[in-house]
$ cat target39.pdb   # PDB, C-alpha atoms
ATOM      1  CA  PRO F  12     129.399  36.812 111.979
ATOM      2  CA  GLN F  13     128.303  38.816 115.004
ATOM      3  CA  GLN F  14     131.372  37.582 116.895
ATOM      4  CA  HIS F  15     133.735  39.164 114.383
ATOM      5  CA  PRO F  16     134.733  42.716 115.432
ATOM      6  CA  ILE F  17     133.690  44.154 112.062
ATOM      7  CA  TYR F  18     130.143  42.856 112.499
ATOM      8  CA  ASN F  19     129.758  43.495 116.201
ATOM      9  CA  PRO F  20     127.205  46.341 116.340
ATOM     10  CA  ILE F  21     128.551  47.986 119.491
ATOM     11  CA  ASN F  22     132.134  47.886 118.250
ATOM     12  CA  ALA F  23     131.173  49.112 114.772
ATOM     13  CA  ALA F  24     129.185  52.060 116.124
ATOM     14  CA  ARG F  25     131.956  53.044 118.538
ATOM     15  CA  ILE F  26     134.621  52.949 115.833
ATOM     16  CA  LYS F  27     132.463  54.947 113.431
ATOM     17  CA  GLN F  28     131.777  57.636 116.034
ATOM     18  CA  GLU F  29     135.448  57.892 116.941
ATOM     19  CA  LEU F  30     136.540  58.178 113.314
ATOM     20  CA  ARG F  31     133.864  60.737 112.500
ATOM     21  CA  ALA F  32     135.070  62.805 115.460
ATOM     22  CA  GLN F  33     138.626  62.538 114.118
ATOM     23  CA  GLY F  34     137.437  63.669 110.708
ATOM     24  CA  ASP F  35     135.550  66.610 112.211
ATOM     25  CA  ALA F  36     138.579  67.672 114.250
ATOM     26  CA  TYR F  37     140.947  67.410 111.286
ATOM     27  CA  LEU F  38     138.699  69.481 109.064
ATOM     28  CA  ARG F  39     138.280  72.187 111.732
ATOM     29  CA  GLU F  40     142.055  72.338 112.201
ATOM     30  CA  HIS F  41     142.453  72.925 108.476
ATOM     31  CA  GLY F  42     139.818  75.636 108.259
ATOM     32  CA  GLU F  43     137.006  73.554 106.819
ATOM     33  CA  ALA F  44     133.378  73.994 107.866
ATOM     34  CA  VAL F  45     131.799  71.159 109.853
ATOM     35  CA  LEU F  46     128.066  70.917 110.442
ATOM     36  CA  SER F  47     126.845  71.117 114.031
ATOM     37  CA  PRO F  48     124.653  68.310 115.441
ATOM     38  CA  ARG F  49     121.603  70.514 114.904
ATOM     39  CA  GLU F  50     122.591  71.290 111.314
ATOM     40  CA  ARG F  51     123.119  67.583 110.651
ATOM     41  CA  ALA F  52     119.680  66.796 112.055
ATOM     42  CA  VAL F  53     118.073  69.443 109.822
ATOM     43  CA  ALA F  54     119.929  68.134 106.765
ATOM     44  CA  LEU F  55     118.823  64.582 107.529
ATOM     45  CA  ASN F  56     115.191  65.677 107.891
ATOM     46  CA  ASN F  57     115.339  67.488 104.548
ATOM     47  CA  ILE F  58     116.861  64.438 102.845
ATOM     48  CA  GLU F  59     114.112  62.154 104.136
ATOM     49  CA  LEU F  60     111.079  64.359 103.546
ATOM     50  CA  ASN F  61     111.809  66.264 100.326
ATOM     51  CA  PRO F  62     108.949  65.359  97.900
ATOM     52  CA  GLU F  63     110.975  66.594  94.930
ATOM     53  CA  ALA F  64     114.078  64.505  95.593
ATOM     54  CA  PHE F  65     113.517  62.231  92.587
ATOM     55  CA  MET F  66     111.625  64.570  90.259
ATOM     56  CA  VAL F  67     114.320  65.361  87.668
ATOM     57  CA  GLN F  68     115.697  62.167  86.174
ATOM     58  CA  SER F  69     118.609  63.914  84.448
ATOM     59  CA  GLU F  70     119.887  65.198  87.798
ATOM     60  CA  LEU F  71     119.994  61.769  89.445
ATOM     61  CA  GLU F  72     122.893  59.335  89.532
ATOM     62  CA  PHE F  73     120.968  56.123  88.898
ATOM     63  CA  VAL F  74     121.894  52.483  88.211
ATOM     64  CA  GLY F  75     119.244  50.218  86.693
ATOM     65  CA  PRO F  76     115.952  51.208  85.079
ATOM     66  CA  TYR F  77     114.651  54.609  86.150
ATOM     67  CA  ASP F  78     111.953  54.217  88.817
ATOM     68  CA  GLN F  79     108.832  56.139  87.784
ATOM     69  CA  TRP F  80     107.188  55.352  91.114
ATOM     70  CA  LEU F  81     109.625  57.717  92.812
ATOM     71  CA  VAL F  82     108.372  60.801  90.959
ATOM     72  CA  GLY F  83     106.806  63.081  93.558
ATOM     73  CA  LYS F  84     107.850  60.778  96.386
ATOM     74  CA  SER F  85     110.286  61.394  99.229
ATOM     75  CA  LEU F  86     113.009  59.107 100.485
ATOM     76  CA  ARG F  87     110.815  58.324 103.497
ATOM     77  CA  ASP F  88     108.068  57.177 101.108
ATOM     78  CA  LEU F  89     110.564  54.756  99.556
ATOM     79  CA  LEU F  90     111.798  53.509 102.930
ATOM     80  CA  ASN F  91     108.195  52.930 104.032
ATOM     81  CA  HIS F  92     107.110  51.104 100.876
ATOM     82  CA  PRO F  93     105.511  47.842 102.122
ATOM     83  CA  ARG F  94     107.467  45.620  99.719
ATOM     84  CA  VAL F  95     110.816  47.339  99.439
ATOM     85  CA  CYS F  96     114.056  45.651 100.509
ATOM     86  CA  ILE F  97     116.816  48.222 100.753
ATOM     87  CA  TYR F  98     120.513  48.736 101.355
ATOM     88  CA  ILE F  99     121.864  52.147 102.410
ATOM     89  CA  GLY F 100     125.523  52.872 101.766
ATOM     90  CA  GLU F 101     128.159  55.595 101.384
ATOM     91  CA  THR F 102     130.960  55.982  98.861
ATOM     92  CA  GLY F 103     133.397  58.406  97.321
ATOM     93  CA  GLN F 104     133.372  56.455  94.041
ATOM     94  CA  PHE F 105     131.069  56.257  91.063
ATOM     95  CA  LEU F 106     127.733  54.728  92.058
ATOM     96  CA  LYS F 107     128.014  51.950  89.458
ATOM     97  CA  ALA F 108     131.269  50.752  91.011
ATOM     98  CA  GLU F 109     129.932  50.618  94.575
ATOM     99  CA  CYS F 110     126.169  50.144  94.734
ATOM    100  CA  PHE F 111     126.335  46.322  94.720
ATOM    101  CA  ARG F 112     129.655  45.848  96.456
ATOM    102  CA  TRP F 113     127.828  44.908  99.692
ATOM    103  CA  VAL F 114     126.578  41.734  98.032
ATOM    104  CA  GLY F 115     129.975  40.953  96.540
ATOM    105  CA  GLY F 116     128.373  41.058  93.143
ATOM    106  CA  ARG F 117     130.317  43.381  90.872
ATOM    107  CA  ASP F 118     130.864  41.894  87.413
ATOM    108  CA  ALA F 119     134.343  40.764  86.456
ATOM    109  CA  SER F 120     134.644  43.745  84.127
ATOM    110  CA  MET F 121     134.262  46.000  87.160
ATOM    111  CA  GLY F 122     136.951  44.392  89.263
ATOM    112  CA  GLY F 123     135.358  41.281  90.701
ATOM    113  CA  GLY F 124     133.390  40.623  93.829
ATOM    114  CA  GLY F 125     135.401  42.259  96.574
ATOM    115  CA  GLY F 126     135.508  40.887 100.109
ATOM    116  CA  ALA F 127     131.912  41.447 101.138
ATOM    117  CA  ASN F 128     130.028  39.131 103.489
ATOM    118  CA  PRO F 129     126.794  39.284 101.479
ATOM    119  CA  THR F 130     123.300  39.101 102.932
ATOM    120  CA  LEU F 131     122.023  37.540  99.692
ATOM    121  CA  ARG F 132     123.276  34.618  97.576
ATOM    122  CA  TRP F 133     121.944  32.269  94.989
ATOM    123  CA  PRO F 134     120.591  29.008  96.536
ATOM    124  CA  ASN F 135     123.744  27.130  95.469
ATOM    125  CA  GLY F 136     125.896  29.622  97.385
ATOM    126  CA  ASP F 137     127.150  31.545  94.367
ATOM    127  CA  ILE F 138     127.718  35.295  94.554
ATOM    128  CA  ILE F 139     125.045  37.352  92.783
ATOM    129  CA  LYS F 140     126.539  39.560  90.084
ATOM    130  CA  GLN F 141     125.550  43.176  89.554
ATOM    131  CA  SER F 142     123.936  42.376  86.201
ATOM    132  CA  GLU F 143     121.876  39.630  87.889
ATOM    133  CA  MET F 144     120.823  41.910  90.739
ATOM    134  CA  ILE F 145     119.327  44.288  88.160
ATOM    135  CA  ALA F 146     117.955  41.925  85.506
ATOM    136  CA  ASP F 147     116.837  38.992  87.683
ATOM    137  CA  LEU F 148     116.020  40.539  91.073
ATOM    138  CA  GLY F 149     114.738  43.976  90.077
ATOM    139  CA  PHE F 150     117.327  46.050  91.937
ATOM    140  CA  ARG F 151     118.008  49.717  91.282
ATOM    141  CA  SER F 152     120.298  52.206  92.987
ATOM    142  CA  VAL F 153     120.210  55.986  93.311
ATOM    143  CA  VAL F 154     122.300  58.642  95.061
ATOM    144  CA  ILE F 155     120.233  60.518  97.653
ATOM    145  CA  TYR F 156     122.793  62.906  99.209
ATOM    146  CA  THR F 157     126.191  64.337  98.345
ATOM    147  CA  HIS F 158     128.703  66.374 100.339
ATOM    148  CA  MET F 159     132.389  67.191 100.056
ATOM    149  CA  SER F 160     132.974  66.056 103.649
ATOM    150  CA  LYS F 161     132.945  62.351 104.460
ATOM    151  CA  PRO F 162     131.895  62.840 108.117
ATOM    152  CA  GLU F 163     128.671  64.414 106.841
ATOM    153  CA  THR F 164     127.795  61.607 104.452
ATOM    154  CA  THR F 165     128.613  58.840 106.912
ATOM    155  CA  PHE F 166     126.418  60.556 109.507
ATOM    156  CA  VAL F 167     123.486  60.399 107.085
ATOM    157  CA  GLU F 168     124.306  56.809 106.153
ATOM    158  CA  ASP F 169     124.352  55.676 109.785
ATOM    159  CA  ALA F 170     121.183  57.560 110.729
ATOM    160  CA  LEU F 171     119.206  56.130 107.817
ATOM    161  CA  GLN F 172     120.469  52.610 108.489
ATOM    162  CA  GLN F 173     119.432  52.972 112.124
ATOM    163  CA  SER F 174     115.961  54.147 111.120
ATOM    164  CA  ILE F 175     115.208  50.865 109.321
ATOM    165  CA  HIS F 176     117.441  48.469 111.239
ATOM    166  CA  GLY F 177     114.630  47.037 113.358
ATOM    167  CA  ARG F 178     112.922  45.581 110.280
ATOM    168  CA  GLY F 179     115.514  42.828 110.099
ATOM    169  CA  LEU F 180     116.741  40.918 107.069
ATOM    170  CA  PRO F 181     115.812  41.032 104.225
ATOM    171  CA  ARG F 182     113.741  44.241 104.493
ATOM    172  CA  ARG F 183     117.004  45.987 105.373
ATOM    173  CA  LEU F 184     120.052  44.490 103.696
ATOM    174  CA  HIS F 185     122.892  45.841 105.838
ATOM    175  CA  ARG F 186     124.045  43.588 108.687
ATOM    176  CA  VAL F 187     124.752  46.174 111.352
ATOM    177  CA  VAL F 188     124.598  49.956 111.587
ATOM    178  CA  GLY F 189     127.858  51.806 111.064
ATOM    179  CA  ALA F 190     129.969  49.015 109.603
ATOM    180  CA  GLY F 191     130.621  50.782 106.317
ATOM    181  CA  SER F 192     133.564  52.849 105.154
ATOM    182  CA  ASN F 193     135.325  54.543 108.057
ATOM    183  CA  GLY F 194     138.832  55.118 106.761
ATOM    184  CA  TYR F 195     139.344  58.784 107.567
ATOM    185  CA  GLU F 196     142.586  58.066 109.388
ATOM    186  CA  LYS F 197     144.161  56.401 106.323
ATOM    187  CA  ARG F 198     144.352  59.781 104.630
ATOM    188  CA  PHE F 199     145.562  61.927 107.515
ATOM    189  CA  GLY F 200     149.071  63.267 107.056
ATOM    190  CA  SER F 201     149.326  62.367 103.367
ATOM    191  CA  GLU F 202     146.532  64.449 101.878
ATOM    192  CA  ASP F 203     143.563  66.361 103.133
ATOM    193  CA  PRO F 204     140.791  63.866 103.894
ATOM    194  CA  CYS F 205     137.346  64.422 102.455
ATOM    195  CA  LYS F 206     138.516  67.299 100.246
ATOM    196  CA  GLY F 207     138.356  67.510  96.477
ATOM    197  CA  GLN F 208     136.089  64.482  96.278
ATOM    198  CA  VAL F 209     132.330  64.207  96.314
ATOM    199  CA  HIS F 210     131.041  61.718  98.878
ATOM    200  CA  LYS F 211     127.653  60.128  98.330
ATOM    201  CA  VAL F 212     124.928  58.332 100.219
ATOM    202  CA  PHE F 213     122.974  55.900  98.074
ATOM    203  CA  VAL F 214     120.111  53.439  98.365
ATOM    204  CA  THR F 215     120.040  50.129  96.500
ATOM    205  CA  TYR F 216     116.620  48.544  96.543
ATOM    206  CA  SER F 217     114.104  46.100  95.045
ATOM    207  CA  TYR F 218     110.322  45.873  95.222
ATOM    208  CA  THR F 219     110.316  42.204  94.112
ATOM    209  CA  LEU F 220     113.051  40.607  96.225
ATOM    210  CA  LEU F 221     110.548  39.220  98.759
ATOM    211  CA  ASP F 222     108.829  37.294  95.964
ATOM    212  CA  HIS F 223     112.134  35.807  94.790
ATOM    213  CA  ILE F 224     112.982  34.772  98.362
ATOM    214  CA  ALA F 225     109.554  33.198  98.881
ATOM    215  CA  SER F 226     109.962  31.154  95.689
ATOM    216  CA  GLY F 227     113.367  29.870  96.811
ATOM    217  CA  ALA F 228     115.203  31.670  94.004
ATOM    218  CA  VAL F 229     117.389  33.645  96.443
ATOM    219  CA  LYS F 230     118.876  32.739  99.810
ATOM    220  CA  VAL F 231     119.104  35.212 102.694
ATOM    221  CA  MET F 232     122.387  34.835 104.594
ATOM    222  CA  SER F 233     121.813  35.390 108.310
TER     223      SER F 233
END

$ encode --input "target39.pdb" --output "C-alpha cells"
Amino acid sequence: PQQHPIYNPINAARIKQELRAQGDAYLREHGEAVLSPRERAVALNNIELNPEAFMVQSELEFVGPYDQWLVGKSLRDLLNHPRVCIYIGETGQFLKAECFRWVGGRDASMGGGGGANPTLRWPNGDIIKQSEMIADLGFRSVVIYTHMSKPETTFVEDALQQSIHGRGLPRRLHRVVGAGSNGYEKRFGSEDPCKGQVHKVFVTYSYTLLDHIASGAVKVMS
C-alpha cells in the first residue's frame, strides 16, 4: 500500500499541507478568522492536557458504552494508556456515521463499508462491522475537539496522529499521518468551505484489542 500515492506518507503530508494552506487563504479572503501557528499550538496543548475533557458525559458525543475510566483523565492520559489501540480521525458528519469508516465496517443500515483499506479484519478476511467493533472488540469513540473551520480540525488530527505514529500498528490504527479528509478544494467556488458546519476530531479506541489479536481472533493488515 505504501506505493499508492494515497498511502505514501510524504505525498499525503504534502497534499494535506497544501490544502490546509488553500483553506486558510480562502477563509481569510472571505473575512473569516484563521488561527495563527502559535494559536494552533496552544489549542492543541489544551486539547491534550485538559483533565476535565471527559468529565460531563451529557456533553460528549460518544459511540459505544461510556468509558468511566476517562473521568478526570486527559486525552494524553488516554493516548498513553499501556493497552490502548487508537485511531484518530476528523469529520464533518455525525460521529456514528464516521467513527468506524476507517475499518470499512459501517453496518448495512448505515450505508455499507465504504472504500477503506482497513488495518483490521477478521481472520477469514471479512470486513469488521461497526456493531462487531463495539460488541466483540471493545471499541468506543468520542469527539475530542470541534471547530467551524476544517483547517483547524485537520491540523489537530494530523498533529495527534504524528504524536503516536511511531508506536506502529496496531497501537495506532491509522496507516500514515495526514491521509484523511482533505477536500477543501471541492467546495471552493460553489459554497463557502468550512462554514455552517461543525468539524470534529475524534478518537476510536479499544483497551482489549491486543488480547483479541494475540488470540488470533483479529488480523492486523500491514

$ resolve_selection --input "target39.pdb" --expression "the PyMOL selection byres ((chain F and resi 181) around 10)" --output "list in words"
Val95, Cys96, Ile97, Tyr98, Thr130, Leu131, Arg178, Gly179, Leu180, Arg182, Arg183, Leu184, His185, Arg186, Leu220, Leu221, Ile224, Lys230, Val231, Met232 and Ser233 of chain F

$ write_last_selection --input "target39.pdb" --atoms "C-alpha atoms" --output "PDB file, in the frame of the given file"
ATOM      1  CA  VAL F  95     110.816  47.339  99.439  1.00  0.00           C
ATOM      2  CA  CYS F  96     114.056  45.651 100.509  1.00  0.00           C
ATOM      3  CA  ILE F  97     116.816  48.222 100.753  1.00  0.00           C
ATOM      4  CA  TYR F  98     120.513  48.736 101.355  1.00  0.00           C
ATOM      5  CA  THR F 130     123.300  39.101 102.932  1.00  0.00           C
ATOM      6  CA  LEU F 131     122.023  37.540  99.692  1.00  0.00           C
ATOM      7  CA  ARG F 178     112.922  45.581 110.280  1.00  0.00           C
ATOM      8  CA  GLY F 179     115.514  42.828 110.099  1.00  0.00           C
ATOM      9  CA  LEU F 180     116.741  40.918 107.069  1.00  0.00           C
ATOM     10  CA  ARG F 182     113.741  44.241 104.493  1.00  0.00           C
ATOM     11  CA  ARG F 183     117.004  45.987 105.373  1.00  0.00           C
ATOM     12  CA  LEU F 184     120.052  44.490 103.696  1.00  0.00           C
ATOM     13  CA  HIS F 185     122.892  45.841 105.838  1.00  0.00           C
ATOM     14  CA  ARG F 186     124.045  43.588 108.687  1.00  0.00           C
ATOM     15  CA  LEU F 220     113.051  40.607  96.225  1.00  0.00           C
ATOM     16  CA  LEU F 221     110.548  39.220  98.759  1.00  0.00           C
ATOM     17  CA  ILE F 224     112.982  34.772  98.362  1.00  0.00           C
ATOM     18  CA  LYS F 230     118.876  32.739  99.810  1.00  0.00           C
ATOM     19  CA  VAL F 231     119.104  35.212 102.694  1.00  0.00           C
ATOM     20  CA  MET F 232     122.387  34.835 104.594  1.00  0.00           C
ATOM     21  CA  SER F 233     121.813  35.390 108.310  1.00  0.00           C
TER      22      SER F 233
END

$ resolve_selection --input "target39.pdb" --expression "the PyMOL selection byres ((chain F and resi 156) around 7)" --output "number ranges by chain"
F: 154-155, 157-158, 211-212

$ atom_distance --input "target39.pdb" --atom1 "atom CA of Phe150 of chain F" --atom2 "atom CA of Gln79 of chain F"
13.8 Å

$ closest_residue --input "target39.pdb" --among "F:Asp137, F:Glu163, F:Glu168, F:Asp222" --to "Ala32 of chain F" --atoms "only C-alpha atoms"
F:Glu163

$ resolve_selection --input "target39.pdb" --expression "the PyMOL selection byres ((chain F and resi 162) around 9)" --output "PyMOL selection string"
chain F and resi 30-32+34-35+45+160-161+163-167+193+195+205

$ closest_residue --input "target39.pdb" --among "F:Ser142, F:Asn91, F:Gln68, F:Ser47" --to "Phe111 of chain F" --atoms "all atoms listed in the file"
F:Ser142

$ residues_around --input "target39.pdb" --residues "Val229 of chain F" --least-positions-apart "4" --cutoff "6 Å" --atoms "only C-alpha atoms" --output "ChimeraX atom specification"
/F:133-134,223-224

$ atom_distance --input "target39.pdb" --atom1 "atom CA of Phe213 of chain F" --atom2 "atom CA of Ile99 of chain F"
5.8 Å

$ closest_residue --input "target39.pdb" --among "F:Leu148, F:Ala228, F:Val53, F:Leu71" --to "Gly136 of chain F" --atoms "only C-alpha atoms"
F:Ala228
